[in-house]
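S.K.: Submitted below is the structure of interest, expressed as structure tokens.
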Amino acid sequence: MSEWVSVLNYLNGDHVNQSALIQGGAGGLGRALVDRVLESDRFDRVFVTARDSSRIVSEDPRVVPIALDLTDDASIAEAAETIRTLTNHLHLAITTAGLLQDDATGLKPEKKLGDLTRSHLQRVFSVNCFGPFLWYAALGRLIRHRDPVIIATLSARVASIGDNRLGGWHSYRASKTAQNMLTKNLSLELGRTNPNAIVIGLHPGTVDTNLSKPFQAGVSPERLFTPEQSAGYLWDVLLNLTSEQSGQVIAWDGQAIVP
Ligand SMILES: NC(=O)c1ccc[n+]([C@@H]2O[C@H](COP(=O)([O-])OP(=O)(O)OC[C@H]3O[C@@H](n4cnc5c(N)ncnc54)[C@H](OP(=O)(O)O)[C@@H]3O)[C@@H](O)[C@H]2O)c1
């Protein structure tokens, strides 16, 4: 029996106070993942974060909205402290934060090296890479414990060095590649004390959200997933994980992505 099946059994069993955390739960995929996690009926409490927590609209009493901006250390510390006052352990923690482009500030994925700017690199790395792992660091004992726990960070296939045939999108690709290294490092670190800790990156496929809207032209309709469809695939990936997969990036179809 795989470790995650035993995690699943654990979450289905007599244990109480099972808590999940979805960072970015007002975003395209984040919102669909929150719904999927609630539907699973495995968690007593689901902490859901957004920069503007009033965007987390749910009638479900298990949902606890939390304000969190991953580019702000004070916000990270405050959100982690709020969760600590409400639970001792998290059993599922997902971060969905992602920045690819931003019309308001003219941030676009770079086509060539000459398009690189320090400020865009810093912004994209800050959201995609620094943010999730500073957040996990702040969570401390909420994720560092001996219970089964899954820590999943939304990554992207374009972060694969081995699979990179097109180039471009420098900041986004590189920030997610660096994110994948931190995933691997955290998997090794937590694995030393908790064999039931699984740390992974997830590639959701191409999903119809604000992030992908400007880049959907060449995507065939059957390869453009709705957020609900992708969240369903990712949930199946989570259900079938084994501890041997900890540290990897897994795509929506369950296949590992080459680093
Ligand atoms: N859509 C795709 O085709 C696709 C493909 C591969 C990978 N991904 C990855 O999937 C993840 C989810 O993306 P999506 O498609 O759902 O896009 P989205 O709807 O634009 O969601 C982006 C999320 O990032 C959050 N975010 C941005 N800046 C943040 C900050 N400073 N602090 C905290 N959160 C911040 C947003 O939170 P707020 O609600 O607070 O703004 C939002 O929840 C991303 O990591 C993305 O890279 C998506």
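All residue names refer to the structure tokens as shown: chains lettered A, B, ... in order, residues numbered from 1 in each chain, ligands numbered from 1 in order.
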Which residues in segment 2-215 of chain A does DSSP call strand (DSSP E)? List them as a PyMOL selection string.
M.R.: chain A and resi 19-23+45-50+63-67+92-95+149-154+197-203+206-207
S.K.: Considering only C-alpha atoms, return as number ranges by chain whatever protein or nucleic-acid residues lie within 9 Å of Asp102 of chain A, sequence-local ones (same chain, fewer than 5 positions apart) excluded.
M.R.: A: 107-108, 211
S.K.: Nearest to ligand 1 among A:Arg165, A:Lys213, A:Lys111, A:His170, with distances taken over only C-alpha atoms and all ligand atoms: which residue is it?
M.R.: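 Distance minimum relative to ligand 1 lands on A:Lys213.
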S.K.: Can you pull out every residue within 6 Å of Ala159 of chain A, counting only C-alpha atoms, but drop anything in the same chain fewer than 2 positions away, and send it as a ChimeraX atom specification?
M.R.: /A:156-157,173,176-177
S.K.: Produce a file of the selected residues containing N, CA and C atoms, as a compact mmCIF listing (two decimals), in the first residue's frame.
M.R.:
# COMPACT_ATOMS: atom_id res chain seq x y z
N ALA A 156 4.92 24.28 -13.50
CA ALA A 156 4.53 24.34 -14.91
C ALA A 156 5.50 23.51 -15.73
N ARG A 157 5.00 22.89 -16.79
CA ARG A 157 5.88 22.07 -17.63
C ARG A 157 7.01 22.91 -18.23
N ARG A 173 9.82 30.84 -16.68
CA ARG A 173 10.43 29.50 -16.70
C ARG A 173 11.43 29.34 -15.55
N LYS A 176 10.05 29.14 -12.00
CA LYS A 176 9.41 27.85 -11.69
C LYS A 176 10.46 26.74 -11.61
N THR A 177 11.55 26.85 -12.38
CA THR A 177 12.62 25.85 -12.27
C THR A 177 13.26 25.95 -10.88
S.K.: Using only C-alpha atoms and all ligand atoms, pick whichever of A:Gln229, A:Ala152, A:Phe43, A:Asn128 has the shortest atom-to-atom distance to ligand 1.
M.R.: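 Nearest to ligand 1: A:Asn128.
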